[in-house]
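This is input_27.cif. It holds mmCIF, C-alpha atoms.
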```cif
data_final
loop_
_atom_site.label_atom_id
_atom_site.label_comp_id
_atom_site.auth_asym_id
_atom_site.auth_seq_id
_atom_site.Cartn_x
_atom_site.Cartn_y
_atom_site.Cartn_z
CA MET A 18 -27.63 -0.71 1.35
CA VAL A 19 -25.00 0.81 -0.87
CA ALA A 20 -25.29 1.55 -4.59
CA ILE A 21 -22.49 0.14 -6.73
CA ARG A 22 -21.58 0.36 -10.41
CA VAL A 23 -19.33 -2.41 -11.63
CA ARG A 24 -18.20 -3.36 -15.12
CA VAL A 25 -18.06 -7.16 -15.29
CA ASN A 26 -16.67 -8.88 -18.40
CA GLY A 27 -17.35 -5.73 -20.37
CA VAL A 28 -20.96 -5.24 -19.21
CA GLN A 29 -21.95 -2.40 -16.89
CA TYR A 30 -24.08 -3.34 -13.85
CA GLU A 31 -25.71 -1.28 -11.14
CA HIS A 32 -27.01 -2.80 -7.92
CA ASP A 33 -27.91 -1.87 -4.38
CA VAL A 34 -26.10 -4.28 -2.09
CA GLU A 35 -25.51 -4.86 1.59
CA PRO A 36 -22.12 -3.48 2.63
CA ARG A 37 -21.11 -6.92 3.88
CA LEU A 38 -21.76 -8.62 0.53
CA LEU A 39 -18.54 -10.19 -0.74
CA LEU A 40 -17.47 -9.76 -4.35
CA ALA A 41 -17.51 -13.54 -4.86
CA HIS A 42 -21.19 -13.72 -3.88
CA TYR A 43 -22.00 -10.63 -5.91
CA LEU A 44 -20.51 -12.19 -9.04
CA ARG A 45 -22.22 -15.55 -8.46
CA ASP A 46 -25.62 -14.50 -7.16
CA TYR A 47 -26.24 -11.10 -8.76
CA ILE A 48 -24.49 -11.59 -12.12
CA GLY A 49 -24.77 -15.39 -12.34
CA LEU A 50 -21.10 -16.08 -12.99
CA ARG A 51 -20.63 -19.55 -11.55
CA SER A 52 -16.98 -19.91 -12.56
CA VAL A 53 -16.27 -17.96 -9.38
CA ARG A 54 -15.90 -20.72 -6.80
CA ILE A 55 -16.18 -20.52 -3.06
CA GLY A 56 -13.56 -22.94 -1.79
CA CYS A 57 -11.97 -22.35 1.59
CA ASP A 58 -13.66 -18.98 2.23
CA THR A 59 -10.58 -18.06 4.30
CA THR A 60 -8.27 -16.40 1.72
CA ASN A 61 -6.17 -19.51 1.20
CA CYS A 62 -7.33 -21.56 -1.76
CA GLY A 63 -7.70 -19.00 -4.57
CA ALA A 64 -10.69 -20.75 -6.22
CA CYS A 65 -12.50 -17.39 -6.22
CA THR A 66 -9.71 -15.53 -8.05
CA VAL A 67 -10.90 -12.84 -10.49
CA LEU A 68 -9.28 -9.75 -11.98
CA LEU A 69 -10.15 -6.46 -10.31
CA ASP A 70 -8.93 -3.55 -12.43
CA GLY A 71 -6.56 -5.97 -14.10
CA LYS A 72 -5.13 -7.47 -10.93
CA ALA A 73 -5.70 -10.99 -9.61
CA VAL A 74 -7.56 -10.87 -6.29
CA LYS A 75 -9.42 -13.34 -4.10
CA SER A 76 -13.03 -12.23 -4.53
CA CYS A 77 -14.05 -13.90 -1.25
CA THR A 78 -11.80 -11.37 0.49
CA VAL A 79 -13.09 -8.22 -1.22
CA PHE A 80 -16.38 -6.53 -0.39
CA ALA A 81 -18.57 -5.91 -3.44
CA PHE A 82 -18.59 -2.17 -2.66
CA MET A 83 -14.79 -2.15 -3.05
CA ALA A 84 -15.35 -2.92 -6.75
CA ASN A 85 -17.48 0.21 -7.19
CA ASN A 86 -16.49 1.98 -10.44
CA ALA A 87 -14.05 -0.82 -11.17
CA GLU A 88 -13.68 -3.44 -13.87
CA VAL A 89 -13.97 -7.13 -13.04
CA VAL A 90 -12.99 -10.01 -15.32
CA THR A 91 -13.93 -13.61 -14.54
CA LEU A 92 -13.14 -16.82 -16.40
CA GLU A 93 -16.25 -16.25 -18.55
CA GLY A 94 -14.69 -12.99 -19.72
CA ILE A 95 -11.48 -14.45 -21.11
CA SER A 96 -13.09 -17.08 -23.30
CA GLU A 97 -15.67 -15.12 -25.24
CA GLY A 98 -14.03 -15.71 -28.61
CA GLY A 99 -13.48 -19.42 -27.91
CA LEU A 100 -11.28 -21.13 -25.36
CA HIS A 101 -8.19 -19.22 -24.24
CA PRO A 102 -4.82 -20.95 -24.87
CA LEU A 103 -4.62 -21.58 -21.11
CA GLN A 104 -7.96 -23.38 -21.12
CA MET A 105 -6.95 -25.47 -24.13
CA ALA A 106 -3.64 -26.36 -22.48
CA PHE A 107 -5.39 -27.34 -19.22
CA ALA A 108 -7.60 -29.75 -21.16
CA GLU A 109 -4.72 -31.18 -23.20
CA GLU A 110 -2.21 -31.51 -20.36
CA HIS A 111 -4.58 -32.88 -17.73
CA GLY A 112 -4.37 -29.67 -15.71
CA LEU A 113 -7.42 -30.64 -13.70
CA GLN A 114 -9.17 -33.58 -12.18
CA CYS A 115 -12.24 -32.54 -10.19
CA GLY A 116 -12.04 -29.06 -11.70
CA TYR A 117 -13.03 -27.06 -8.63
CA CYS A 118 -9.80 -25.05 -8.46
CA THR A 119 -9.52 -24.64 -12.23
CA SER A 120 -11.22 -21.30 -12.83
CA GLY A 121 -9.17 -19.64 -10.10
CA MET A 122 -6.01 -21.34 -11.30
CA VAL A 123 -6.60 -20.20 -14.88
CA MET A 124 -7.35 -16.63 -13.78
CA THR A 125 -4.16 -16.40 -11.71
CA LEU A 126 -2.10 -17.77 -14.61
CA TYR A 127 -3.91 -15.49 -17.07
CA TYR A 128 -2.90 -12.54 -14.88
CA TYR A 129 0.64 -13.81 -14.49
CA LEU A 130 1.31 -14.61 -18.16
CA ASN A 131 -0.18 -11.32 -19.37
CA LYS A 132 2.12 -9.52 -16.99
CA ALA A 133 5.24 -11.62 -17.70
CA ARG A 134 4.88 -11.36 -21.51
CA ARG A 135 7.39 -14.19 -21.97
CA VAL A 136 7.75 -17.94 -21.39
CA PRO A 137 8.52 -18.34 -17.66
CA SER A 138 10.54 -21.08 -15.98
CA GLU A 139 8.81 -23.95 -14.22
CA ASP A 140 9.88 -22.47 -10.90
CA GLU A 141 8.34 -19.11 -11.80
CA VAL A 142 5.05 -20.79 -12.69
CA ARG A 143 5.03 -22.62 -9.36
CA ARG A 144 5.64 -19.36 -7.52
CA ALA A 145 2.91 -17.62 -9.53
CA ILE A 146 0.28 -20.09 -8.31
CA GLU A 147 1.34 -20.05 -4.64
CA GLY A 148 -2.06 -18.62 -3.79
CA ASN A 149 -4.05 -21.35 -5.54
CA LEU A 150 -4.55 -24.77 -4.03
CA CYS A 151 -5.27 -27.95 -5.98
CA ARG A 152 -6.01 -31.10 -4.03
CA CYS A 153 -6.18 -33.50 -7.00
CA THR A 154 -3.39 -33.08 -9.50
CA GLY A 155 -0.26 -32.48 -7.45
CA TYR A 156 0.21 -29.44 -9.73
CA VAL A 157 2.28 -31.33 -12.30
CA GLY A 158 -0.35 -31.14 -15.05
CA ILE A 159 -1.18 -27.54 -14.13
CA VAL A 160 2.43 -26.40 -14.44
CA ARG A 161 2.79 -28.27 -17.72
CA ALA A 162 -0.37 -26.64 -19.03
CA ALA A 163 0.80 -23.18 -18.00
CA LEU A 164 4.13 -23.64 -19.76
CA LYS A 165 2.43 -24.94 -22.89
CA ALA A 166 0.06 -21.98 -22.97
CA ALA A 167 2.98 -19.60 -22.40
CA ARG A 168 4.87 -21.11 -25.33
CA GLN A 169 1.80 -20.67 -27.53
CA MET A 170 1.33 -17.08 -26.39
CA TYR A 171 4.95 -15.93 -26.46
CA GLY A 172 7.11 -18.74 -27.86
CA MET B 3 -21.26 -23.27 3.71
CA SER B 4 -20.35 -19.65 3.49
CA LEU B 5 -18.91 -17.17 5.88
CA TYR B 6 -20.64 -13.83 6.22
CA PRO B 7 -19.38 -10.92 8.25
CA ARG B 8 -21.75 -9.17 10.61
CA ASN B 9 -23.48 -6.33 8.82
CA PHE B 10 -22.06 -2.89 9.37
CA GLN B 11 -22.60 0.72 8.63
CA LEU B 12 -20.42 1.86 5.72
CA HIS B 13 -18.66 5.22 5.50
CA VAL B 14 -16.73 6.17 2.39
CA PRO B 15 -14.86 9.43 3.03
CA THR B 16 -13.28 11.18 0.06
CA SER B 17 -10.39 12.88 1.85
CA LEU B 18 -7.96 12.04 4.64
CA ARG B 19 -9.32 14.84 6.78
CA GLU B 20 -12.86 13.50 6.41
CA ALA B 21 -11.70 9.95 7.18
CA ILE B 22 -10.09 11.09 10.43
CA GLU B 23 -13.17 13.09 11.43
CA VAL B 24 -15.49 10.17 10.75
CA LEU B 25 -13.26 7.71 12.63
CA GLU B 26 -13.03 9.99 15.62
CA ALA B 27 -16.78 10.62 15.67
CA LEU B 28 -17.59 6.90 15.46
CA GLY B 29 -15.18 5.90 18.20
CA GLU B 30 -13.67 2.55 19.11
CA ASP B 31 -16.15 0.28 17.36
CA ALA B 32 -15.41 1.66 13.88
CA LYS B 33 -12.60 0.12 11.86
CA PRO B 34 -10.71 1.67 8.97
CA LEU B 35 -10.61 -0.64 5.93
CA ALA B 36 -7.75 -0.43 3.42
CA GLY B 37 -7.06 -3.53 1.28
CA GLY B 38 -8.96 -5.75 3.69
CA GLN B 39 -6.64 -8.76 3.51
CA SER B 40 -6.46 -9.06 7.30
CA LEU B 41 -9.67 -7.35 8.37
CA ILE B 42 -12.07 -9.12 5.99
CA PRO B 43 -10.93 -12.66 6.94
CA MET B 44 -11.24 -11.67 10.61
CA MET B 45 -14.72 -10.28 10.01
CA LYS B 46 -15.76 -13.46 8.20
CA LEU B 47 -14.59 -15.53 11.16
CA ARG B 48 -16.25 -12.96 13.46
CA ILE B 49 -13.00 -12.47 15.32
CA ALA B 50 -13.73 -8.86 14.40
CA ALA B 51 -17.28 -7.55 14.15
CA PRO B 52 -17.09 -3.75 13.90
CA SER B 53 -20.39 -1.89 13.77
CA ALA B 54 -18.99 0.59 11.27
CA ILE B 55 -16.36 0.49 8.51
CA VAL B 56 -14.57 3.55 7.20
CA TYR B 57 -13.40 2.57 3.73
CA LEU B 58 -10.15 4.26 2.72
CA GLY B 59 -10.13 3.10 -0.93
CA PRO B 60 -11.04 6.55 -2.34
CA LEU B 61 -7.91 7.99 -0.66
CA LYS B 62 -5.65 5.96 -2.96
CA GLY B 63 -4.86 9.05 -5.02
CA GLU B 64 -3.64 10.78 -1.88
CA LEU B 65 -1.97 7.90 -0.05
CA SER B 66 -0.60 5.52 -2.67
CA TYR B 67 2.94 6.45 -3.73
CA VAL B 68 6.64 5.71 -3.33
CA ARG B 69 8.53 9.00 -3.09
CA ASP B 70 12.21 9.94 -3.08
CA GLY B 71 13.28 11.92 0.00
CA ASP B 72 16.78 13.22 0.79
CA ASN B 73 17.90 10.43 3.09
CA HIS B 74 14.82 8.27 2.97
CA VAL B 75 12.13 6.84 0.75
CA GLU B 76 8.54 7.55 1.74
CA ILE B 77 5.82 5.00 1.07
CA GLY B 78 2.16 6.05 1.18
CA ALA B 79 0.01 3.95 3.51
CA LEU B 80 -2.30 2.68 0.76
CA THR B 81 0.53 1.41 -1.44
CA THR B 82 -0.07 -2.30 -2.05
CA HIS B 83 2.51 -4.98 -1.32
CA SER B 84 2.79 -5.62 -5.09
CA GLU B 85 3.52 -1.95 -5.71
CA VAL B 86 6.16 -1.91 -2.98
CA ALA B 87 7.71 -5.15 -4.28
CA GLU B 88 8.00 -3.70 -7.79
CA SER B 89 9.02 -0.14 -6.91
CA PRO B 90 12.29 0.73 -8.74
CA LEU B 91 13.01 3.38 -6.09
CA LEU B 92 12.85 0.86 -3.24
CA ARG B 93 14.74 -1.81 -5.16
CA ARG B 94 17.49 0.73 -5.71
CA TRP B 95 17.64 2.33 -2.25
CA ASN B 96 16.15 -0.14 0.15
CA PRO B 97 15.79 -3.65 -1.28
CA LEU B 98 14.87 -5.01 2.16
CA VAL B 99 11.45 -3.39 1.89
CA SER B 100 10.75 -4.55 -1.67
CA GLU B 101 12.02 -8.06 -0.95
CA THR B 102 9.91 -8.36 2.21
CA ALA B 103 6.83 -7.15 0.33
CA ALA B 104 7.44 -9.81 -2.34
CA HIS B 105 7.28 -12.50 0.38
CA ILE B 106 3.92 -11.48 1.85
CA GLY B 107 1.10 -14.01 1.38
CA ASP B 108 0.47 -14.72 -2.29
CA VAL B 109 0.08 -12.54 -5.36
CA GLN B 110 -3.67 -12.05 -4.85
CA VAL B 111 -3.12 -10.85 -1.28
CA ARG B 112 -0.22 -8.63 -2.38
CA ASN B 113 -2.43 -7.03 -5.02
CA MET B 114 -4.93 -5.86 -2.39
CA GLY B 115 -3.09 -5.61 0.94
CA THR B 116 -1.45 -2.30 1.86
CA ILE B 117 1.63 -1.39 3.88
CA GLY B 118 -0.34 0.94 6.16
CA GLY B 119 -2.99 -1.69 6.80
CA SER B 120 -0.43 -4.37 7.57
CA LEU B 121 1.48 -2.16 10.02
CA ALA B 122 -1.67 -0.92 11.78
CA HIS B 123 -2.89 -4.51 12.12
CA ALA B 124 0.40 -5.43 13.89
CA ASP B 125 0.08 -9.18 13.55
CA PRO B 126 2.93 -10.79 15.53
CA SER B 127 3.61 -13.12 12.57
CA ALA B 128 3.45 -10.48 9.84
CA ASP B 129 6.39 -9.85 7.52
CA TYR B 130 6.62 -6.05 7.27
CA PRO B 131 7.11 -5.33 11.00
CA ALA B 132 10.38 -7.32 11.04
CA ALA B 133 11.74 -5.26 8.15
CA MET B 134 10.57 -2.01 9.75
CA ALA B 135 12.31 -2.96 13.00
CA ALA B 136 15.52 -3.90 11.18
CA LEU B 137 15.51 -0.56 9.37
CA GLY B 138 14.46 1.65 12.25
CA ALA B 139 11.71 2.92 9.94
CA GLU B 140 9.48 5.83 10.87
CA ILE B 141 5.73 5.53 10.74
CA VAL B 142 3.85 8.71 9.96
CA VAL B 143 0.42 8.88 11.57
CA ALA B 144 -2.26 11.53 11.20
CA GLY B 145 -5.05 12.48 13.55
CA ARG B 146 -7.28 15.40 14.34
CA SER B 147 -4.48 17.30 16.04
CA GLY B 148 -2.06 16.83 13.16
CA THR B 149 0.68 14.52 12.03
CA ARG B 150 3.33 12.81 14.13
CA THR B 151 6.15 10.40 13.42
CA VAL B 152 6.62 7.21 15.45
CA PRO B 153 9.81 5.09 15.30
CA ALA B 154 9.06 1.45 14.44
CA GLY B 155 10.46 0.40 17.83
CA GLU B 156 7.74 2.39 19.59
CA PHE B 157 4.94 1.74 17.12
CA PHE B 158 4.40 -1.93 17.94
CA VAL B 159 3.18 -2.18 21.52
CA ASP B 160 1.80 -5.70 21.76
CA ALA B 161 0.19 -8.35 19.56
CA TYR B 162 -2.33 -6.56 17.30
CA THR B 163 -1.71 -3.40 19.31
CA THR B 164 0.05 -0.25 18.16
CA SER B 165 0.64 3.16 19.65
CA LEU B 166 -1.99 4.62 17.28
CA ARG B 167 -4.44 6.73 19.26
CA PRO B 168 -8.19 6.53 18.61
CA GLY B 169 -9.00 8.38 15.41
CA GLU B 170 -5.43 8.19 14.11
CA LEU B 171 -4.43 6.58 10.82
CA VAL B 172 -1.10 5.45 9.42
CA VAL B 173 -0.51 7.73 6.43
CA ALA B 174 3.05 6.88 5.38
CA VAL B 175 6.22 4.97 6.21
CA ARG B 176 9.73 6.39 5.86
CA VAL B 177 12.58 3.99 5.33
CA PRO B 178 16.22 5.06 5.19
CA LYS B 179 18.24 4.97 1.98
CA LEU B 180 20.94 2.37 2.58
CA ARG B 181 24.51 3.58 2.11
CA GLY B 182 27.76 2.19 0.77
CA ARG B 183 27.88 -1.35 -0.61
CA TYR B 184 24.80 -3.05 0.69
CA SER B 185 22.35 -5.83 0.21
CA ALA B 186 19.41 -7.20 2.12
CA ALA B 187 17.38 -10.37 2.47
CA TYR B 188 14.12 -11.52 3.99
CA GLY B 189 13.57 -15.17 4.76
CA LYS B 190 10.76 -16.99 6.48
CA VAL B 191 9.40 -20.40 7.29
CA ALA B 192 5.68 -20.94 6.76
CA LYS B 193 3.55 -24.05 6.43
CA ILE B 194 2.17 -22.89 3.08
CA ALA B 195 2.71 -19.67 1.14
CA THR B 196 -0.61 -18.23 2.21
CA ASP B 197 -0.11 -18.91 5.91
CA PHE B 198 1.59 -16.52 8.28
CA ALA B 199 5.30 -16.85 9.00
CA ILE B 200 6.27 -19.28 11.77
CA VAL B 201 9.41 -17.16 12.00
CA GLY B 202 10.91 -14.60 9.67
CA VAL B 203 14.22 -12.72 9.51
CA ALA B 204 14.82 -9.38 7.82
CA VAL B 205 18.47 -8.36 7.45
CA HIS B 206 20.35 -5.58 5.72
CA VAL B 207 24.12 -5.15 5.75
CA SER B 208 26.43 -2.44 4.39
CA VAL B 209 30.16 -3.05 4.17
CA ASP B 210 33.09 -0.66 3.85
CA GLU B 211 35.86 -0.89 1.23
CA ARG B 212 37.62 -3.59 3.27
CA GLY B 213 34.51 -5.76 3.35
CA GLN B 214 33.85 -5.06 7.02
CA VAL B 215 30.39 -4.45 8.38
CA ALA B 216 29.67 -0.71 8.46
CA ASP B 217 25.94 -1.00 9.09
CA ILE B 218 23.62 -3.87 9.91
CA GLY B 219 19.97 -4.19 10.90
CA ILE B 220 18.19 -7.36 11.96
CA GLY B 221 14.45 -7.72 12.55
CA LEU B 222 12.64 -10.88 13.61
CA THR B 223 9.02 -11.89 13.36
CA GLY B 224 7.23 -14.77 15.08
CA VAL B 225 9.34 -14.61 18.23
CA GLY B 226 6.99 -12.67 20.50
CA PRO B 227 4.07 -10.25 20.49
CA THR B 228 6.06 -7.57 18.63
CA PRO B 229 8.92 -7.61 16.12
CA HIS B 230 12.29 -8.07 17.78
CA ARG B 231 15.49 -6.21 16.92
CA PRO B 232 18.52 -7.84 18.57
CA ARG B 233 20.65 -4.71 18.91
CA ASP B 234 23.42 -6.35 20.91
CA VAL B 235 23.89 -8.87 18.09
CA GLU B 236 24.04 -6.04 15.56
CA GLU B 237 26.58 -4.15 17.65
CA GLY B 238 28.79 -7.22 17.91
CA ALA B 239 28.97 -7.42 14.11
CA PHE B 240 30.24 -3.90 13.41
CA GLY B 241 33.77 -3.87 11.99
CA GLU B 242 33.78 -7.63 11.46
CA ARG B 243 34.53 -9.03 8.04
CA LEU B 244 31.33 -10.18 6.28
CA GLY B 245 31.59 -13.80 5.21
CA PRO B 246 30.38 -17.32 5.95
CA GLU B 247 32.08 -17.37 9.34
CA LEU B 248 30.44 -14.16 10.52
CA ALA B 249 27.12 -15.37 9.11
CA GLU B 250 27.32 -18.45 11.30
CA ARG B 251 28.33 -16.44 14.36
CA ILE B 252 25.52 -13.88 13.96
CA ALA B 253 22.96 -16.62 13.28
CA GLU B 254 23.94 -18.38 16.48
CA ALA B 255 23.77 -15.13 18.45
CA VAL B 256 20.37 -14.28 16.96
CA SER B 257 18.93 -17.64 17.95
CA ARG B 258 20.27 -17.15 21.49
CA SER B 259 18.79 -13.66 21.73
CA VAL B 260 15.18 -14.84 21.62
CA ASP B 261 12.80 -16.89 23.71
CA PRO B 262 10.09 -17.62 21.14
CA PRO B 263 6.65 -18.96 22.02
CA THR B 264 5.35 -22.48 21.47
CA ASP B 265 1.99 -22.52 19.68
CA LEU B 266 -0.03 -24.56 17.19
CA ARG B 267 2.37 -23.76 14.39
CA ALA B 268 5.70 -24.63 16.03
CA THR B 269 7.56 -25.19 19.28
CA SER B 270 9.91 -22.65 20.77
CA GLU B 271 12.91 -24.83 19.95
CA TYR B 272 11.80 -25.24 16.34
CA ARG B 273 11.50 -21.48 16.00
CA ARG B 274 14.96 -20.92 17.45
CA ARG B 275 16.56 -23.42 15.08
CA ALA B 276 14.65 -22.09 12.08
CA LEU B 277 15.79 -18.56 12.95
CA ARG B 278 19.39 -19.67 13.07
CA ALA B 279 19.14 -21.34 9.66
CA LEU B 280 17.26 -18.41 8.10
CA THR B 281 19.66 -15.83 9.49
CA GLU B 282 22.72 -17.69 8.27
CA ARG B 283 21.18 -18.18 4.84
CA ALA B 284 20.21 -14.49 4.61
CA LEU B 285 23.69 -13.31 5.56
CA ARG B 286 25.41 -15.70 3.15
CA ARG B 287 23.18 -14.44 0.37
CA ILE B 288 23.89 -10.83 1.28
CA HIS B 289 27.62 -11.59 1.26
CA SER B 290 27.51 -13.16 -2.19
CA ASP B 291 25.26 -10.35 -3.52
CA ILE B 292 27.75 -7.74 -2.38
CA ALA B 293 30.73 -9.74 -3.67
CA ARG B 294 29.05 -10.19 -7.03
CA ALA B 295 28.22 -6.50 -7.35
CA GLN B 296 31.90 -5.54 -7.12
#
```
Could I get this file's structure written as structure tokens?
Amino acid sequence: MVAIRVRVNGVQYEHDVEPRLLLAHYLRDYIGLRSVRIGCDTTNCGACTVLLDGKAVKSCTVFAFMANNAEVVTLEGISEGGLHPLQMAFAEEHGLQCGYCTSGMVMTLYYYLNKARRVPSEDEVRRAIEGNLCRCTGYVGIVRAALKAARQMYG
Amino acid sequence: MSLYPRNFQLHVPTSLREAIEVLEALGEDAKPLAGGQSLIPMMKLRIAAPSAIVYLGPLKGELSYVRDGDNHVEIGALTTHSEVAESPLLRRWNPLVSETAAHIGDVQVRNMGTIGGSLAHADPSADYPAAMAALGAEIVVAGRSGTRTVPAGEFFVDAYTTSLRPGELVVAVRVPKLRGRYSAAYGKVAKIATDFAIVGVAVHVSVDERGQVADIGIGLTGVGPTPHRPRDVEEGAFGERLGPELAERIAEAVSRSVDPPTDLRATSEYRRRALRALTERALRRIHSDIARAQ
């Protein structure tokens, strides 16, 4: 076992974990954050995307011990004061159907828009979500939602 | 369903020297872990099941940097693909490296994966090795007996096999500063962004004041067990005027210079045709970049 200290959505946690425990399982099973989805489990789909020290990562492809002394933000952590503009836009623009990819999609876009600090082009949004798969929407509603949120944040 | 790696013994050294000592003491069955974007998926699929992991994360302070040298730029082994892609120093002096980094996987993978990890992994479909071959980069490796420098052409030995000796780690990569009027491009064909390249082409070209090729480097991925540098094609381009006609000629020669494998992703013929298209596109873009910069 290995002792880790991780700050998740602003709260400090300490746990002893198996070295092989993946960050996605740590967040779901130890902290109870079920927005973190296990989709493909092979680093393709991005449903498990969270921020690790401010950067979007696939938490199924990070060992929990790699987050030792780091800061993790999940979907729960961006909506504490009410829904984030991205979440509102996803609801309004039909950015989801089954919803399984949504938390990862929102986290990747949250990372991207915070970094871009401007309204991106449609092409830029599509590139930004290359690492997130959606099997329902065909991405049209997702891209529209991202652009709407961007206009609200920076327009 | 969930995929779990085999359990392993974890070592977290706090210095490079300690990491090398631990790796050497543990022997062949221990694996160094950097960003984990190749090793962790392989461990989850149990393609790799090391009994011990030596985690290099704490060495970030020592091994994550992009540094200006006299004739080269040095990149620390733990520099992530995102950091390489965004490095002003590389964009200025060697845009082939930053552009290739920007094409690796997706943003989440680029935020974790490192240049040293990618090179040491030596996947025959990886993006960086093609650029390193095209540039004649030098890979700096450290072991118990000290540090040595390996040219990219000698570093990649076979699929997933490098000339790293047991207990050695990649610590840095040195890429040349490009000279004169230059531009570079990396292009690849992949099924989806997150999949490996079916084929990829890394090209840089410098031209003299008459617009003739003064320097050119071409590196190919996905055409064999190691990255391929078609030197005879490069040599045939020196002194020729860069333009659409030369682009077509080089692309044709590049596609003739390889005998790529057929596998689940693509046939040999598909790869050859894709290479020709990618090479021509890359050279046309380089030509218009250089023309525009005038």
Run the PyMOL selection byres ((chain A and resi 163) around 12) on the file and write out the hits as a PyMOL selection string. chain A and resi 101-113+119+122-131+135-143+145-146+156-162+164-171
Writing out the chosen residues with C-alpha atoms as a CSV table (one decimal), in the coordinates of the input:
```csv
chain,number,residue,atom,x,y,z
A,101,HIS,CA,-8.2,-19.2,-24.2
A,102,PRO,CA,-4.8,-21.0,-24.9
A,103,LEU,CA,-4.6,-21.6,-21.1
A,104,GLN,CA,-8.0,-23.4,-21.1
A,105,MET,CA,-7.0,-25.5,-24.1
A,106,ALA,CA,-3.6,-26.4,-22.5
A,107,PHE,CA,-5.4,-27.3,-19.2
A,108,ALA,CA,-7.6,-29.8,-21.2
A,109,GLU,CA,-4.7,-31.2,-23.2
A,110,GLU,CA,-2.2,-31.5,-20.4
A,111,HIS,CA,-4.6,-32.9,-17.7
A,112,GLY,CA,-4.4,-29.7,-15.7
A,113,LEU,CA,-7.4,-30.6,-13.7
A,119,THR,CA,-9.5,-24.6,-12.2
A,122,MET,CA,-6.0,-21.3,-11.3
A,123,VAL,CA,-6.6,-20.2,-14.9
A,124,MET,CA,-7.4,-16.6,-13.8
A,125,THR,CA,-4.2,-16.4,-11.7
A,126,LEU,CA,-2.1,-17.8,-14.6
A,127,TYR,CA,-3.9,-15.5,-17.1
A,128,TYR,CA,-2.9,-12.5,-14.9
A,129,TYR,CA,0.6,-13.8,-14.5
A,130,LEU,CA,1.3,-14.6,-18.2
A,131,ASN,CA,-0.2,-11.3,-19.4
A,135,ARG,CA,7.4,-14.2,-22.0
A,136,VAL,CA,7.8,-17.9,-21.4
A,137,PRO,CA,8.5,-18.3,-17.7
A,138,SER,CA,10.5,-21.1,-16.0
A,139,GLU,CA,8.8,-24.0,-14.2
A,140,ASP,CA,9.9,-22.5,-10.9
A,141,GLU,CA,8.3,-19.1,-11.8
A,142,VAL,CA,5.0,-20.8,-12.7
A,143,ARG,CA,5.0,-22.6,-9.4
A,145,ALA,CA,2.9,-17.6,-9.5
A,146,ILE,CA,0.3,-20.1,-8.3
A,156,TYR,CA,0.2,-29.4,-9.7
A,157,VAL,CA,2.3,-31.3,-12.3
A,158,GLY,CA,-0.4,-31.1,-15.0
A,159,ILE,CA,-1.2,-27.5,-14.1
A,160,VAL,CA,2.4,-26.4,-14.4
A,161,ARG,CA,2.8,-28.3,-17.7
A,162,ALA,CA,-0.4,-26.6,-19.0
A,164,LEU,CA,4.1,-23.6,-19.8
A,165,LYS,CA,2.4,-24.9,-22.9
A,166,ALA,CA,0.1,-22.0,-23.0
A,167,ALA,CA,3.0,-19.6,-22.4
A,168,ARG,CA,4.9,-21.1,-25.3
A,169,GLN,CA,1.8,-20.7,-27.5
A,170,MET,CA,1.3,-17.1,-26.4
A,171,TYR,CA,5.0,-15.9,-26.5
```
Evaluate the PyMOL selection byres ((chain B) within 6 of (chain A)) and record the selected residues as a ChimeraX atom specification, following the chain and residue labels used in the document. /B:9,42,108,110,195-196
Let me see the file: selected residues, C-alpha atoms, as a PDB file, in the coordinates of the input.
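So the final result, stored in selection.pdb, reads:
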```pdb
ATOM      1  CA  ASN B   9     -23.480  -6.330   8.820  1.00  0.00           C
ATOM      2  CA  ILE B  42     -12.070  -9.120   5.990  1.00  0.00           C
ATOM      3  CA  ASP B 108       0.470 -14.720  -2.290  1.00  0.00           C
ATOM      4  CA  GLN B 110      -3.670 -12.050  -4.850  1.00  0.00           C
ATOM      5  CA  ALA B 195       2.710 -19.670   1.140  1.00  0.00           C
ATOM      6  CA  THR B 196      -0.610 -18.230   2.210  1.00  0.00           C
TER       7      THR B 196
END
```
For a test of reading the model, state the distance in Å between atom CA of B:Gly241 and atom CA of B:Arg94, rounded to one decimal. 24.5 Å
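The result of the PyMOL selection byres ((chain B and resi 24-31) around 7) on the shown file is Glu20, Ala21, Ile22, Glu23, Ala32, Lys33, Pro52, Ser53, Ala54, Val56, Pro168 and Gly169 of chain B.
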Output C-alpha atoms for every residue in the selection just made, as a tab-separated table (two decimals), in the frame of the given file.
```tsv
chain	number	residue	atom	x	y	z
B	20	GLU	CA	-12.86	13.50	6.41
B	21	ALA	CA	-11.70	9.95	7.18
B	22	ILE	CA	-10.09	11.09	10.43
B	23	GLU	CA	-13.17	13.09	11.43
B	32	ALA	CA	-15.41	1.66	13.88
B	33	LYS	CA	-12.60	0.12	11.86
B	52	PRO	CA	-17.09	-3.75	13.90
B	53	SER	CA	-20.39	-1.89	13.77
B	54	ALA	CA	-18.99	0.59	11.27
B	56	VAL	CA	-14.57	3.55	7.20
B	168	PRO	CA	-8.19	6.53	18.61
B	169	GLY	CA	-9.00	8.38	15.41
```
With the cut-off set at 12 Å and counting only C-alpha atoms, tabulate each residue of stretch 80-111 of chain B with an atom at most that distance from an atom of stretch 137-148 of chain B, showing the nearest atom pair and its distance in Å to one decimal, ordered by chain and increasing number, as CSV.
```
residue,atom,partner,partner_atom,distance
B:Asn96,CA,B:Leu137,CA,9.3
B:Pro97,CA,B:Leu137,CA,11.1
B:Leu98,CA,B:Leu137,CA,8.5
B:Val99,CA,B:Leu137,CA,9.0
B:Thr102,CA,B:Leu137,CA,12.0
```
